[in-house]
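Enquirer: Supplied structure: work_7.cif, mmCIF, C-alpha atoms.
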data_model
#
loop_
_atom_site.group_PDB
_atom_site.id
_atom_site.type_symbol
_atom_site.label_atom_id
_atom_site.label_comp_id
_atom_site.auth_asym_id
_atom_site.auth_seq_id
_atom_site.Cartn_x
_atom_site.Cartn_y
_atom_site.Cartn_z
ATOM 1 C CA MET A 1 -45.655 -109.948 113.360
ATOM 2 C CA GLN A 2 -42.601 -112.143 112.848
ATOM 3 C CA LEU A 3 -43.208 -115.172 110.624
ATOM 4 C CA ASP A 4 -39.717 -116.635 110.066
ATOM 5 C CA PHE A 5 -37.571 -118.079 112.863
ATOM 6 C CA PRO A 6 -33.977 -119.271 112.241
ATOM 7 C CA ILE A 7 -33.007 -122.079 114.611
ATOM 8 C CA SER A 8 -30.203 -124.642 114.719
ATOM 9 C CA LEU A 9 -30.920 -128.354 114.445
ATOM 10 C CA ALA A 10 -29.301 -128.846 117.871
ATOM 11 C CA ASN A 11 -31.686 -126.335 119.445
ATOM 12 C CA LEU A 12 -34.636 -127.916 117.657
ATOM 13 C CA ASN A 13 -33.657 -131.332 119.015
ATOM 14 C CA ASP A 14 -33.375 -129.824 122.508
ATOM 15 C CA LEU A 15 -37.093 -129.083 122.338
ATOM 16 C CA ARG A 16 -37.751 -132.797 121.918
ATOM 17 C CA SER A 17 -35.367 -134.039 124.578
ATOM 18 C CA ARG A 18 -34.037 -131.463 127.053
ATOM 19 C CA ALA A 19 -35.621 -128.777 129.228
ATOM 20 C CA VAL A 20 -35.811 -125.301 127.703
ATOM 21 C CA LEU A 21 -37.347 -122.186 129.247
ATOM 22 C CA VAL A 22 -38.666 -119.159 127.373
ATOM 23 C CA PRO A 23 -39.875 -115.989 129.134
ATOM 24 C CA GLU A 24 -42.603 -113.968 127.438
ATOM 25 C CA ARG A 25 -44.184 -110.592 128.077
ATOM 26 C CA ALA A 26 -47.639 -111.812 127.113
ATOM 27 C CA ALA A 27 -51.002 -110.097 127.464
ATOM 28 C CA LEU A 28 -52.457 -111.357 130.757
ATOM 29 C CA PHE A 29 -55.864 -110.755 132.276
ATOM 30 C CA THR A 30 -57.600 -112.021 135.386
ATOM 31 C CA VAL A 31 -61.373 -112.368 135.548
ATOM 32 C CA GLU A 32 -63.282 -112.895 138.774
ATOM 33 C CA GLY A 33 -66.675 -112.180 140.275
ATOM 34 C CA PRO A 34 -70.002 -113.893 141.009
ATOM 35 C CA GLY A 35 -70.677 -114.612 137.338
ATOM 36 C CA ALA A 36 -67.125 -115.132 136.073
ATOM 37 C CA LEU A 37 -67.541 -118.857 135.394
ATOM 38 C CA GLU A 38 -70.812 -118.418 133.517
ATOM 39 C CA CYS A 39 -69.418 -115.524 131.488
ATOM 40 C CA ILE A 40 -66.240 -117.327 130.453
ATOM 41 C CA GLN A 41 -68.249 -120.477 129.706
ATOM 42 C CA GLY A 42 -70.501 -118.395 127.448
ATOM 43 C CA LEU A 43 -67.572 -117.089 125.402
ATOM 44 C CA LEU A 44 -65.027 -119.906 125.121
ATOM 45 C CA THR A 45 -65.285 -122.760 122.605
ATOM 46 C CA ASN A 46 -63.952 -125.158 125.235
ATOM 47 C CA ASP A 47 -65.859 -126.405 128.289
ATOM 48 C CA VAL A 48 -64.554 -124.612 131.373
ATOM 49 C CA THR A 49 -67.251 -126.044 133.619
ATOM 50 C CA ALA A 50 -66.528 -129.659 132.694
ATOM 51 C CA ALA A 51 -62.777 -129.173 133.133
ATOM 52 C CA GLY A 52 -63.395 -128.122 136.723
ATOM 53 C CA ASP A 53 -61.426 -126.098 139.204
ATOM 54 C CA GLY A 54 -57.639 -126.202 138.906
ATOM 55 C CA SER A 55 -57.567 -126.743 135.129
ATOM 56 C CA ILE A 56 -55.756 -125.324 132.118
ATOM 57 C CA LEU A 57 -57.618 -125.098 128.800
ATOM 58 C CA TYR A 58 -57.083 -123.644 125.361
ATOM 59 C CA GLY A 59 -59.951 -122.308 123.306
ATOM 60 C CA ALA A 60 -61.253 -119.500 121.159
ATOM 61 C CA MET A 61 -63.522 -116.530 121.705
ATOM 62 C CA LEU A 62 -65.523 -115.873 118.559
ATOM 63 C CA THR A 63 -67.566 -113.335 116.694
ATOM 64 C CA SER A 64 -71.274 -114.066 116.324
ATOM 65 C CA LYS A 65 -70.418 -115.545 112.902
ATOM 66 C CA GLY A 66 -67.949 -118.014 114.398
ATOM 67 C CA MET A 67 -64.678 -116.292 113.462
ATOM 68 C CA ILE A 68 -61.823 -116.334 116.001
ATOM 69 C CA VAL A 69 -61.198 -113.067 117.862
ATOM 70 C CA LEU A 70 -58.979 -114.342 120.685
ATOM 71 C CA ASP A 71 -57.345 -117.708 121.456
ATOM 72 C CA PRO A 72 -56.464 -117.699 125.170
ATOM 73 C CA PHE A 73 -54.974 -120.287 127.429
ATOM 74 C CA VAL A 74 -57.297 -120.208 130.446
ATOM 75 C CA LEU A 75 -56.249 -121.140 133.981
ATOM 76 C CA ARG A 76 -59.087 -121.726 136.448
ATOM 77 C CA ASP A 77 -58.246 -121.329 140.125
ATOM 78 C CA GLY A 78 -61.343 -121.216 142.312
ATOM 79 C CA GLY A 79 -63.254 -118.116 141.268
ATOM 80 C CA VAL A 80 -60.266 -116.594 139.465
ATOM 81 C CA PHE A 81 -59.576 -117.095 135.760
ATOM 82 C CA VAL A 82 -56.208 -116.182 134.224
ATOM 83 C CA LEU A 83 -56.291 -115.563 130.463
ATOM 84 C CA ILE A 84 -52.981 -115.658 128.559
ATOM 85 C CA LEU A 85 -52.734 -114.178 125.064
ATOM 86 C CA PRO A 86 -50.078 -112.857 122.661
ATOM 87 C CA ALA A 87 -48.908 -109.404 123.718
ATOM 88 C CA PHE A 88 -49.959 -107.684 120.497
ATOM 89 C CA VAL A 89 -53.683 -108.414 121.051
ATOM 90 C CA ARG A 90 -53.836 -106.615 124.397
ATOM 91 C CA ASP A 91 -55.920 -103.705 123.101
ATOM 92 C CA VAL A 92 -58.217 -106.021 121.123
ATOM 93 C CA ALA A 93 -58.721 -108.148 124.238
ATOM 94 C CA ARG A 94 -59.434 -105.118 126.444
ATOM 95 C CA ALA A 95 -62.102 -103.900 124.028
ATOM 96 C CA TYR A 96 -63.607 -107.385 123.666
ATOM 97 C CA PHE A 97 -63.816 -107.961 127.415
ATOM 98 C CA ALA A 98 -65.292 -104.500 127.983
ATOM 99 C CA ARG A 99 -68.013 -105.319 125.460
ATOM 100 C CA MET A 100 -68.700 -108.933 126.458
ATOM 101 C CA LEU A 101 -68.137 -109.169 130.240
ATOM 102 C CA PRO A 102 -70.562 -107.274 132.519
ATOM 103 C CA PRO A 103 -68.459 -105.738 135.368
ATOM 104 C CA ARG A 104 -71.043 -106.600 138.035
ATOM 105 C CA LEU A 105 -70.665 -110.288 137.147
ATOM 106 C CA ALA A 106 -67.088 -110.612 135.889
ATOM 107 C CA ARG A 107 -64.449 -108.058 136.830
ATOM 108 C CA VAL A 108 -61.499 -107.909 134.440
ATOM 109 C CA ALA A 109 -58.026 -106.810 135.547
ATOM 110 C CA ASP A 110 -55.323 -106.188 132.950
ATOM 111 C CA ARG A 111 -52.090 -107.707 134.344
ATOM 112 C CA THR A 112 -50.014 -107.064 131.209
ATOM 113 C CA GLY A 113 -46.575 -105.722 132.147
ATOM 114 C CA GLU A 114 -47.216 -106.401 135.822
ATOM 115 C CA TRP A 115 -47.210 -110.168 135.216
ATOM 116 C CA GLU A 116 -45.123 -112.350 132.902
ATOM 117 C CA VAL A 117 -45.235 -115.889 131.538
ATOM 118 C CA LEU A 118 -42.507 -118.525 131.578
ATOM 119 C CA TRP A 119 -42.900 -121.387 129.108
ATOM 120 C CA LEU A 120 -41.131 -124.695 129.888
ATOM 121 C CA LEU A 121 -40.449 -126.830 126.811
ATOM 122 C CA GLY A 122 -38.954 -130.296 126.308
ATOM 123 C CA ALA A 123 -39.165 -133.807 127.672
ATOM 124 C CA GLU A 124 -36.994 -133.221 130.765
ATOM 125 C CA VAL A 125 -39.086 -130.371 132.176
ATOM 126 C CA ALA A 126 -40.935 -132.358 134.827
ATOM 127 C CA GLU A 127 -37.746 -134.055 136.016
ATOM 128 C CA ARG A 128 -35.805 -130.801 136.428
ATOM 129 C CA PHE A 129 -38.806 -128.753 137.496
ATOM 130 C CA ASP A 130 -39.962 -131.011 140.318
ATOM 131 C CA PRO A 131 -37.245 -130.100 142.872
ATOM 132 C CA LEU A 132 -38.160 -126.423 142.420
ATOM 133 C CA VAL A 133 -41.941 -126.580 142.723
ATOM 134 C CA ARG A 134 -44.737 -129.116 142.997
ATOM 135 C CA VAL A 135 -45.582 -130.116 139.432
ATOM 136 C CA PRO A 136 -49.322 -130.735 138.928
ATOM 137 C CA PRO A 137 -50.650 -133.593 136.767
ATOM 138 C CA PRO A 138 -51.235 -132.959 133.043
ATOM 139 C CA GLY A 139 -54.005 -130.468 132.406
ATOM 140 C CA ARG A 140 -53.991 -129.176 135.984
ATOM 141 C CA ILE A 141 -52.627 -126.130 137.769
ATOM 142 C CA ALA A 142 -51.141 -125.389 141.179
ATOM 143 C CA ARG A 143 -49.556 -122.449 142.949
ATOM 144 C CA THR A 144 -46.053 -121.998 144.248
ATOM 145 C CA ASP A 145 -45.585 -122.151 148.025
ATOM 146 C CA GLY A 146 -45.964 -118.379 148.302
ATOM 147 C CA GLY A 147 -49.202 -118.583 146.360
ATOM 148 C CA SER A 148 -48.461 -115.746 143.928
ATOM 149 C CA ILE A 149 -47.323 -117.748 140.877
ATOM 150 C CA PHE A 150 -49.619 -120.065 138.922
ATOM 151 C CA VAL A 151 -47.999 -123.295 137.710
ATOM 152 C CA ALA A 152 -49.759 -125.197 134.910
ATOM 153 C CA ARG A 153 -48.908 -128.592 133.443
ATOM 154 C CA ALA A 154 -49.850 -128.885 129.786
ATOM 155 C CA GLN A 155 -52.451 -131.193 128.355
ATOM 156 C CA PRO A 156 -50.862 -133.788 126.019
ATOM 157 C CA ALA A 157 -51.407 -131.905 122.732
ATOM 158 C CA MET A 158 -50.132 -128.530 123.934
ATOM 159 C CA PRO A 159 -46.846 -127.135 122.541
ATOM 160 C CA PHE A 160 -45.154 -126.871 125.946
ATOM 161 C CA GLU A 161 -44.680 -129.057 129.005
ATOM 162 C CA ALA A 162 -45.442 -126.533 131.732
ATOM 163 C CA MET A 163 -45.865 -122.805 132.219
ATOM 164 C CA LEU A 164 -45.791 -120.219 134.990
ATOM 165 C CA ALA A 165 -47.724 -116.968 135.189
ATOM 166 C CA GLY A 166 -47.466 -114.349 137.903
ATOM 167 C CA PRO A 167 -45.771 -111.161 139.099
ATOM 168 C CA ALA A 168 -42.907 -110.314 136.745
ATOM 169 C CA GLU A 169 -40.103 -110.104 139.308
ATOM 170 C CA GLU A 170 -41.082 -113.391 140.923
ATOM 171 C CA VAL A 171 -41.279 -115.162 137.555
ATOM 172 C CA LYS A 172 -37.835 -113.806 136.621
ATOM 173 C CA ALA A 173 -36.419 -115.042 139.924
ATOM 174 C CA PHE A 174 -37.926 -118.469 139.292
ATOM 175 C CA ALA A 175 -36.408 -118.514 135.799
ATOM 176 C CA SER A 176 -32.974 -117.964 137.365
ATOM 177 C CA ARG A 177 -33.563 -120.966 139.618
ATOM 178 C CA CYS A 178 -34.522 -123.051 136.570
ATOM 179 C CA LEU A 179 -31.300 -122.122 134.787
ATOM 180 C CA ALA A 180 -29.291 -122.998 137.865
ATOM 181 C CA ALA A 181 -31.049 -126.393 137.909
ATOM 182 C CA GLY A 182 -29.747 -127.158 134.415
ATOM 183 C CA MET A 183 -32.449 -125.919 132.082
ATOM 184 C CA ARG A 184 -31.379 -124.164 128.873
ATOM 185 C CA ALA A 185 -32.482 -120.635 128.023
ATOM 186 C CA GLY A 186 -34.551 -120.414 124.845
ATOM 187 C CA ASP A 187 -36.003 -117.529 122.875
ATOM 188 C CA GLU A 188 -38.912 -116.632 120.617
ATOM 189 C CA ALA A 189 -37.575 -118.978 117.926
ATOM 190 C CA SER A 190 -37.640 -121.862 120.429
ATOM 191 C CA LEU A 191 -41.265 -121.168 121.259
ATOM 192 C CA ALA A 192 -42.210 -120.863 117.574
ATOM 193 C CA ALA A 193 -40.420 -124.125 116.749
ATOM 194 C CA ALA A 194 -42.206 -125.952 119.582
ATOM 195 C CA ARG A 195 -45.509 -124.645 118.270
ATOM 196 C CA VAL A 196 -44.753 -125.736 114.701
ATOM 197 C CA LEU A 197 -43.666 -129.225 115.833
ATOM 198 C CA ALA A 198 -46.948 -129.544 117.741
ATOM 199 C CA GLY A 199 -49.036 -128.232 114.844
ATOM 200 C CA TRP A 200 -50.328 -125.459 117.086
ATOM 201 C CA PRO A 201 -51.867 -122.342 115.487
ATOM 202 C CA SER A 202 -51.146 -118.814 116.636
ATOM 203 C CA LEU A 203 -53.193 -115.640 116.501
ATOM 204 C CA GLY A 204 -51.801 -113.241 113.918
ATOM 205 C CA ARG A 205 -50.085 -116.042 111.993
ATOM 206 C CA GLU A 206 -52.265 -119.079 111.244
ATOM 207 C CA ILE A 207 -55.314 -117.390 112.754
ATOM 208 C CA ASP A 208 -56.798 -114.178 111.348
ATOM 209 C CA ASP A 209 -60.171 -112.463 111.593
ATOM 210 C CA LYS A 210 -61.698 -114.832 109.006
ATOM 211 C CA THR A 211 -60.588 -118.106 110.608
ATOM 212 C CA LEU A 212 -63.008 -120.743 111.871
ATOM 213 C CA PRO A 213 -61.840 -123.023 114.729
ATOM 214 C CA GLN A 214 -62.014 -126.199 112.609
ATOM 215 C CA GLU A 215 -59.696 -124.675 110.004
ATOM 216 C CA VAL A 216 -56.818 -124.596 112.478
ATOM 217 C CA ARG A 217 -57.080 -128.027 114.164
ATOM 218 C CA PHE A 218 -59.197 -127.004 117.166
ATOM 219 C CA ASP A 219 -60.852 -130.427 117.115
ATOM 220 C CA GLU A 220 -57.479 -132.205 117.285
ATOM 221 C CA LEU A 221 -56.252 -129.797 119.978
ATOM 222 C CA ASN A 222 -59.272 -130.539 122.213
ATOM 223 C CA ALA A 223 -60.099 -126.834 122.065
ATOM 224 C CA VAL A 224 -63.763 -126.958 121.089
ATOM 225 C CA SER A 225 -66.723 -128.685 122.752
ATOM 226 C CA TYR A 226 -69.821 -129.856 120.876
ATOM 227 C CA VAL A 227 -71.782 -130.854 123.983
ATOM 228 C CA LYS A 228 -71.559 -127.780 126.222
ATOM 229 C CA GLY A 229 -74.218 -125.104 126.403
ATOM 230 C CA CYS A 230 -74.457 -122.084 124.170
ATOM 231 C CA TYR A 231 -71.563 -119.708 123.541
ATOM 232 C CA THR A 232 -71.027 -116.842 121.128
ATOM 233 C CA GLY A 233 -70.488 -118.174 117.600
ATOM 234 C CA GLN A 234 -71.570 -121.705 118.490
ATOM 235 C CA GLU A 235 -74.141 -121.992 115.702
ATOM 236 C CA THR A 236 -71.521 -121.639 112.962
ATOM 237 C CA VAL A 237 -69.062 -123.967 114.700
ATOM 238 C CA ALA A 238 -71.735 -126.645 115.156
ATOM 239 C CA ARG A 239 -72.955 -126.318 111.566
ATOM 240 C CA VAL A 240 -69.454 -126.876 110.176
ATOM 241 C CA HIS A 241 -68.997 -129.900 112.454
ATOM 242 C CA PHE A 242 -72.322 -131.634 111.946
ATOM 243 C CA ARG A 243 -73.317 -130.613 108.416
ATOM 244 C CA GLY A 244 -70.206 -129.698 106.469
ATOM 245 C CA HIS A 245 -66.462 -129.291 106.535
ATOM 246 C CA PRO A 246 -63.957 -126.417 106.387
ATOM 247 C CA ASN A 247 -62.659 -125.547 102.931
ATOM 248 C CA ARG A 248 -59.086 -125.156 104.204
ATOM 249 C CA SER A 249 -57.022 -126.592 107.007
ATOM 250 C CA LEU A 250 -53.766 -126.181 108.918
ATOM 251 C CA ARG A 251 -51.016 -128.406 107.498
ATOM 252 C CA GLY A 252 -47.339 -129.119 108.072
ATOM 253 C CA LEU A 253 -44.750 -128.637 105.326
ATOM 254 C CA VAL A 254 -41.061 -129.301 104.733
ATOM 255 C CA LEU A 255 -39.130 -127.384 102.066
ATOM 256 C CA ASP A 256 -35.537 -128.059 101.061
ATOM 257 C CA GLY A 257 -33.083 -125.166 101.246
ATOM 258 C CA GLY A 258 -32.276 -123.194 104.365
ATOM 259 C CA ARG A 259 -34.146 -119.995 103.640
ATOM 260 C CA ALA A 260 -37.714 -118.922 104.179
ATOM 261 C CA PRO A 261 -39.748 -118.302 101.022
ATOM 262 C CA ARG A 262 -40.366 -114.637 100.282
ATOM 263 C CA ASP A 263 -43.518 -115.511 98.353
ATOM 264 C CA ARG A 264 -45.694 -117.351 100.869
ATOM 265 C CA ARG A 265 -48.063 -118.766 98.259
ATOM 266 C CA LEU A 266 -48.370 -122.498 97.622
ATOM 267 C CA VAL A 267 -49.141 -123.483 94.035
ATOM 268 C CA ARG A 268 -50.347 -126.671 92.354
ATOM 269 C CA ASP A 269 -51.106 -126.884 88.624
ATOM 270 C CA ALA A 270 -50.675 -123.099 88.290
ATOM 271 C CA ARG A 271 -53.347 -122.502 90.935
ATOM 272 C CA ASP A 272 -52.957 -120.978 94.387
ATOM 273 C CA VAL A 273 -53.881 -123.645 96.940
ATOM 274 C CA GLY A 274 -52.509 -122.267 100.195
ATOM 275 C CA VAL A 275 -50.224 -119.904 102.036
ATOM 276 C CA ILE A 276 -47.255 -120.478 104.314
ATOM 277 C CA ARG A 277 -47.635 -118.774 107.668
ATOM 278 C CA THR A 278 -44.968 -119.661 110.294
ATOM 279 C CA ALA A 279 -41.597 -120.926 109.016
ATOM 280 C CA VAL A 280 -38.813 -122.417 111.137
ATOM 281 C CA VAL A 281 -35.586 -122.062 109.167
ATOM 282 C CA LEU A 282 -32.899 -124.729 109.592
ATOM 283 C CA GLN A 283 -29.528 -124.962 107.861
ATOM 284 C CA ASP A 284 -30.740 -127.003 104.903
ATOM 285 C CA LYS A 285 -34.535 -126.986 105.092
ATOM 286 C CA VAL A 286 -37.609 -125.156 106.320
ATOM 287 C CA LEU A 287 -40.333 -126.590 108.545
ATOM 288 C CA ALA A 288 -43.558 -124.626 108.242
ATOM 289 C CA LEU A 289 -47.219 -124.360 109.078
ATOM 290 C CA ALA A 290 -49.518 -123.448 106.218
ATOM 291 C CA ILE A 291 -53.189 -122.968 105.535
ATOM 292 C CA VAL A 292 -54.008 -125.245 102.577
ATOM 293 C CA ARG A 293 -57.165 -125.986 100.623
ATOM 294 C CA ARG A 294 -58.977 -129.173 101.648
ATOM 295 C CA GLU A 295 -58.660 -130.907 98.274
ATOM 296 C CA VAL A 296 -54.846 -130.907 98.488
ATOM 297 C CA THR A 297 -54.099 -134.311 100.017
ATOM 298 C CA ASP A 298 -50.918 -135.472 101.698
ATOM 299 C CA ASP A 299 -49.786 -137.547 98.721
ATOM 300 C CA VAL A 300 -49.514 -134.644 96.276
ATOM 301 C CA SER A 301 -46.802 -132.001 95.898
ATOM 302 C CA VAL A 302 -47.193 -128.254 96.051
ATOM 303 C CA VAL A 303 -44.640 -125.650 95.054
ATOM 304 C CA SER A 304 -43.358 -122.506 96.758
ATOM 305 C CA GLU A 305 -40.963 -120.343 94.715
ATOM 306 C CA ASP A 306 -40.016 -123.333 92.517
ATOM 307 C CA ARG A 307 -39.265 -125.446 95.592
ATOM 308 C CA GLU A 308 -41.267 -128.566 96.287
ATOM 309 C CA ALA A 309 -43.135 -128.449 99.568
ATOM 310 C CA ARG A 310 -43.820 -131.863 101.118
ATOM 311 C CA MET A 311 -46.789 -132.311 103.422
ATOM 312 C CA VAL A 312 -45.959 -133.769 106.845
ATOM 313 C CA PRO A 313 -48.289 -134.982 109.604
ATOM 314 C CA LEU A 314 -49.155 -132.797 112.569
ATOM 315 C CA PRO A 315 -47.838 -133.009 115.177
ATOM 316 C CA VAL A 316 -44.556 -133.518 113.322
ATOM 317 C CA PRO A 317 -43.171 -137.012 114.088
ATOM 318 C CA GLU A 318 -39.481 -137.404 114.890
ATOM 319 C CA GLU A 319 -38.965 -139.706 111.920
ATOM 320 C CA VAL A 320 -39.594 -136.759 109.575
ATOM 321 C CA GLY A 321 -35.898 -136.039 110.169
ATOM 322 C CA VAL A 322 -35.858 -132.322 110.942
#
Is it possible to give me this structure as structure tokens?

Expert:
Amino acid sequence: MQLDFPISLANLNDLRSRAVLVPERAALFTVEGPGALECIQGLLTNDVTAAGDGSILYGAMLTSKGMIVLDPFVLRDGGVFVLILPAFVRDVARAYFARMLPPRLARVADRTGEWEVLWLLGAEVAERFDPLVRVPPPGRIARTDGGSIFVARAQPAMPFEAMLAGPAEEVKAFASRCLAAGMRAGDEASLAAARVLAGWPSLGREIDDKTLPQEVRFDELNAVSYVKGCYTGQETVARVHFRGHPNRSLRGLVLDGGRAPRDRRLVRDARDVGVIRTAVVLQDKVLALAIVRREVTDDVSVVSEDREARMVPLPVPEEVGV
């Protein structure tokens, strides 16, 4: 799992101003059947029912003890649900769905390899995208005229502006049309940088098998509901929310010097207080996401390999100067 992503300042600024597209061979699954809605609702931390048909949501699927197993983006189109996950969790997802989704109620089809995802990043996406396809309102999805490609417009907190999911060859053809319309081609570093700027966690980096949703900003990302019905792991999530607090949280950091730290530990007063996960490496500094103990407040300094690490708000404001 790659943790460090070199990127130029010009390319980072493009993510805040221009239109950038990034193709990804993600793990994709469709779920449909007479009980698909109830089954997904009973697994996801977010409220699929309340969001309604034609929505895009982000949420987690948990163990019975409230730890994150999967963190899918979920598209709801009538009775069909499209779940989008990092490619490396495909086998984990297959096993989880086989265990948790009864086939007579919710049939799962693995579309990985057959389908691809195209992420659209940057402020100009809607403007350049609109002549190519009908752009839905924020938080909603549509289909292209042929009906085979799903088009989703991000909710405000999400680390992208829009995304497409569908048959690989059709998505690739659409990407070519986007480039011809003036969008810039990005890569994995572009997607990682957009995620870091947004303060968005990622499975395998900020999220591991001992992570609770509240430790990685799920409240701020509108990815967990406290009013919906029961779902797997809900008791732990509710207890943390109503009766306690997480002992660690996802934070933003800036380090001077254009190299990623080899030692990911964060230290204060000779004590380990956190760990750097994703690092975006610029020419003269590093912008990172880290998991940090709750008692470390924004007005104190921590150290990584003798370099001071300054806390920055999430999402990262433009005035931070990176």

Enquirer: Have a look at A:Asp272, A:Asp47, A:Asp284, A:Glu319 and name the one nearest to A:Val303; count all atoms listed in the file.

Expert: A:Asp272

Enquirer: Name every residue that the PyMOL selection byres ((chain A and resi 14) around 12) selects in this structure, writing the answer as a tab-separated table (two decimals) with C-alpha atoms, in the frame of the given file with chains first and numbers rising.

Expert:
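Ended up saving to selection.tsv:
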chain	number	residue	atom	x	y	z
A	7	ILE	CA	-33.01	-122.08	114.61
A	8	SER	CA	-30.20	-124.64	114.72
A	9	LEU	CA	-30.92	-128.35	114.44
A	10	ALA	CA	-29.30	-128.85	117.87
A	11	ASN	CA	-31.69	-126.34	119.44
A	12	LEU	CA	-34.64	-127.92	117.66
A	13	ASN	CA	-33.66	-131.33	119.02
A	15	LEU	CA	-37.09	-129.08	122.34
A	16	ARG	CA	-37.75	-132.80	121.92
A	17	SER	CA	-35.37	-134.04	124.58
A	18	ARG	CA	-34.04	-131.46	127.05
A	19	ALA	CA	-35.62	-128.78	129.23
A	20	VAL	CA	-35.81	-125.30	127.70
A	21	LEU	CA	-37.35	-122.19	129.25
A	120	LEU	CA	-41.13	-124.70	129.89
A	121	LEU	CA	-40.45	-126.83	126.81
A	122	GLY	CA	-38.95	-130.30	126.31
A	123	ALA	CA	-39.16	-133.81	127.67
A	124	GLU	CA	-36.99	-133.22	130.76
A	125	VAL	CA	-39.09	-130.37	132.18
A	183	MET	CA	-32.45	-125.92	132.08
A	184	ARG	CA	-31.38	-124.16	128.87
A	185	ALA	CA	-32.48	-120.64	128.02
A	186	GLY	CA	-34.55	-120.41	124.84
A	190	SER	CA	-37.64	-121.86	120.43
A	191	LEU	CA	-41.26	-121.17	121.26
A	193	ALA	CA	-40.42	-124.12	116.75
A	194	ALA	CA	-42.21	-125.95	119.58

Enquirer: Hey, could you make a per-residue contact list for stretch 57-137 of chain A against stretch 164-178 of chain A with 6 Å as the cut-off, showing the nearest pair of atoms and its distance in Å to one decimal, counting all atoms listed in the file, sorted by chain and number, as a Markdown table?

Expert:
| residue | atom | partner | partner_atom | distance |
| --- | --- | --- | --- | --- |
| A:Glu114 | CA | A:Ala168 | CA | 5.9 |
| A:Trp115 | CA | A:Pro167 | CA | 4.3 |
| A:Glu116 | CA | A:Ala168 | CA | 4.9 |
| A:Val117 | CA | A:Ala165 | CA | 4.5 |
| A:Leu118 | CA | A:Leu164 | CA | 5.0 |

Enquirer: Grab the atom CA of A:Gly199 to atom CA of A:Ala290 distance for me, in Å with one decimal place.

Expert: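 Between atom CA of A:Gly199 and atom CA of A:Ala290 the gap is 9.9 Å.
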
Enquirer: Any chance you could resolve the PyMOL selection byres ((chain A and resi 233) around 7) against this file and give the residues as an NGL selection string?

Expert: :A and (62-66 or 231-232 or 234-237)

Enquirer: Mind pulling up the distance from atom CA of A:Gly54 to atom CA of A:Pro23?

Expert: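 The value is 22.7 Å.
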
Enquirer: Apply the PyMOL selection byres ((chain A and resi 262) around 12) to the displayed file and report the matching residues as a ChimeraX atom specification.

Expert: /A:3-4,259-261,263-266,275-277,279,304-307

Enquirer: Ranking A:Val80, A:Val312, A:Met1, A:Ala109 by minimum distance to A:Ala93 and counting all atoms listed in the file, which one comes first?

Expert: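 Between A:Val80, A:Val312, A:Met1, A:Ala109, the residue approaching A:Ala93 most closely is A:Ala109.
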
Enquirer: In Å, rounded to a single decimal, give me how far atom CA of A:Leu203 is from atom CA of A:Ser148.

Expert: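 Between these atoms lies a distance of 27.8 Å.
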
Enquirer: I'd like to know which of A:Thr112, A:Pro159, A:Ala198, A:Thr45 is closest to A:Tyr226, using all atoms listed in the file.

Expert: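 Of the candidates, the smallest distance to A:Tyr226 is held by A:Thr45.
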
Enquirer: Any idea what's packed within 8 Å of A:Phe73, counting only C-alpha atoms, ignoring anything in its chain fewer than 6 positions away? Could you give it as a PyMOL selection string?

Expert: chain A and resi 56-59+83-85

Enquirer: With C-alpha atoms retained, write the just-selected residues as a PDB file, in the frame of the given file.

Expert:
ATOM      1  CA  ILE A  56     -55.756-125.324 132.118  1.00  0.00           C
ATOM      2  CA  LEU A  57     -57.618-125.098 128.800  1.00  0.00           C
ATOM      3  CA  TYR A  58     -57.083-123.644 125.361  1.00  0.00           C
ATOM      4  CA  GLY A  59     -59.951-122.308 123.306  1.00  0.00           C
ATOM      5  CA  LEU A  83     -56.291-115.563 130.463  1.00  0.00           C
ATOM      6  CA  ILE A  84     -52.981-115.658 128.559  1.00  0.00           C
ATOM      7  CA  LEU A  85     -52.734-114.178 125.064  1.00  0.00           C
TER       8      LEU A  85
END

Enquirer: Counting all atoms listed in the file, which residues have an atom no more than 12 Å from (-44.1, -130.1, 99.9) in the file's coordinates? Please list them as number ranges by chain.

Expert: A: 251-256, 266-268, 274, 276, 285-290, 292, 296-313

Enquirer: Keeping only C-alpha atoms, write the selected residues to a file as a tab-separated table (two decimals), in the coordinates of the input.

Expert:
chain	number	residue	atom	x	y	z
A	251	ARG	CA	-51.02	-128.41	107.50
A	252	GLY	CA	-47.34	-129.12	108.07
A	253	LEU	CA	-44.75	-128.64	105.33
A	254	VAL	CA	-41.06	-129.30	104.73
A	255	LEU	CA	-39.13	-127.38	102.07
A	256	ASP	CA	-35.54	-128.06	101.06
A	266	LEU	CA	-48.37	-122.50	97.62
A	267	VAL	CA	-49.14	-123.48	94.04
A	268	ARG	CA	-50.35	-126.67	92.35
A	274	GLY	CA	-52.51	-122.27	100.20
A	276	ILE	CA	-47.26	-120.48	104.31
A	285	LYS	CA	-34.53	-126.99	105.09
A	286	VAL	CA	-37.61	-125.16	106.32
A	287	LEU	CA	-40.33	-126.59	108.54
A	288	ALA	CA	-43.56	-124.63	108.24
A	289	LEU	CA	-47.22	-124.36	109.08
A	290	ALA	CA	-49.52	-123.45	106.22
A	292	VAL	CA	-54.01	-125.24	102.58
A	296	VAL	CA	-54.85	-130.91	98.49
A	297	THR	CA	-54.10	-134.31	100.02
A	298	ASP	CA	-50.92	-135.47	101.70
A	299	ASP	CA	-49.79	-137.55	98.72
A	300	VAL	CA	-49.51	-134.64	96.28
A	301	SER	CA	-46.80	-132.00	95.90
A	302	VAL	CA	-47.19	-128.25	96.05
A	303	VAL	CA	-44.64	-125.65	95.05
A	304	SER	CA	-43.36	-122.51	96.76
A	305	GLU	CA	-40.96	-120.34	94.72
A	306	ASP	CA	-40.02	-123.33	92.52
A	307	ARG	CA	-39.26	-125.45	95.59
A	308	GLU	CA	-41.27	-128.57	96.29
A	309	ALA	CA	-43.14	-128.45	99.57
A	310	ARG	CA	-43.82	-131.86	101.12
A	311	MET	CA	-46.79	-132.31	103.42
A	312	VAL	CA	-45.96	-133.77	106.84
A	313	PRO	CA	-48.29	-134.98	109.60
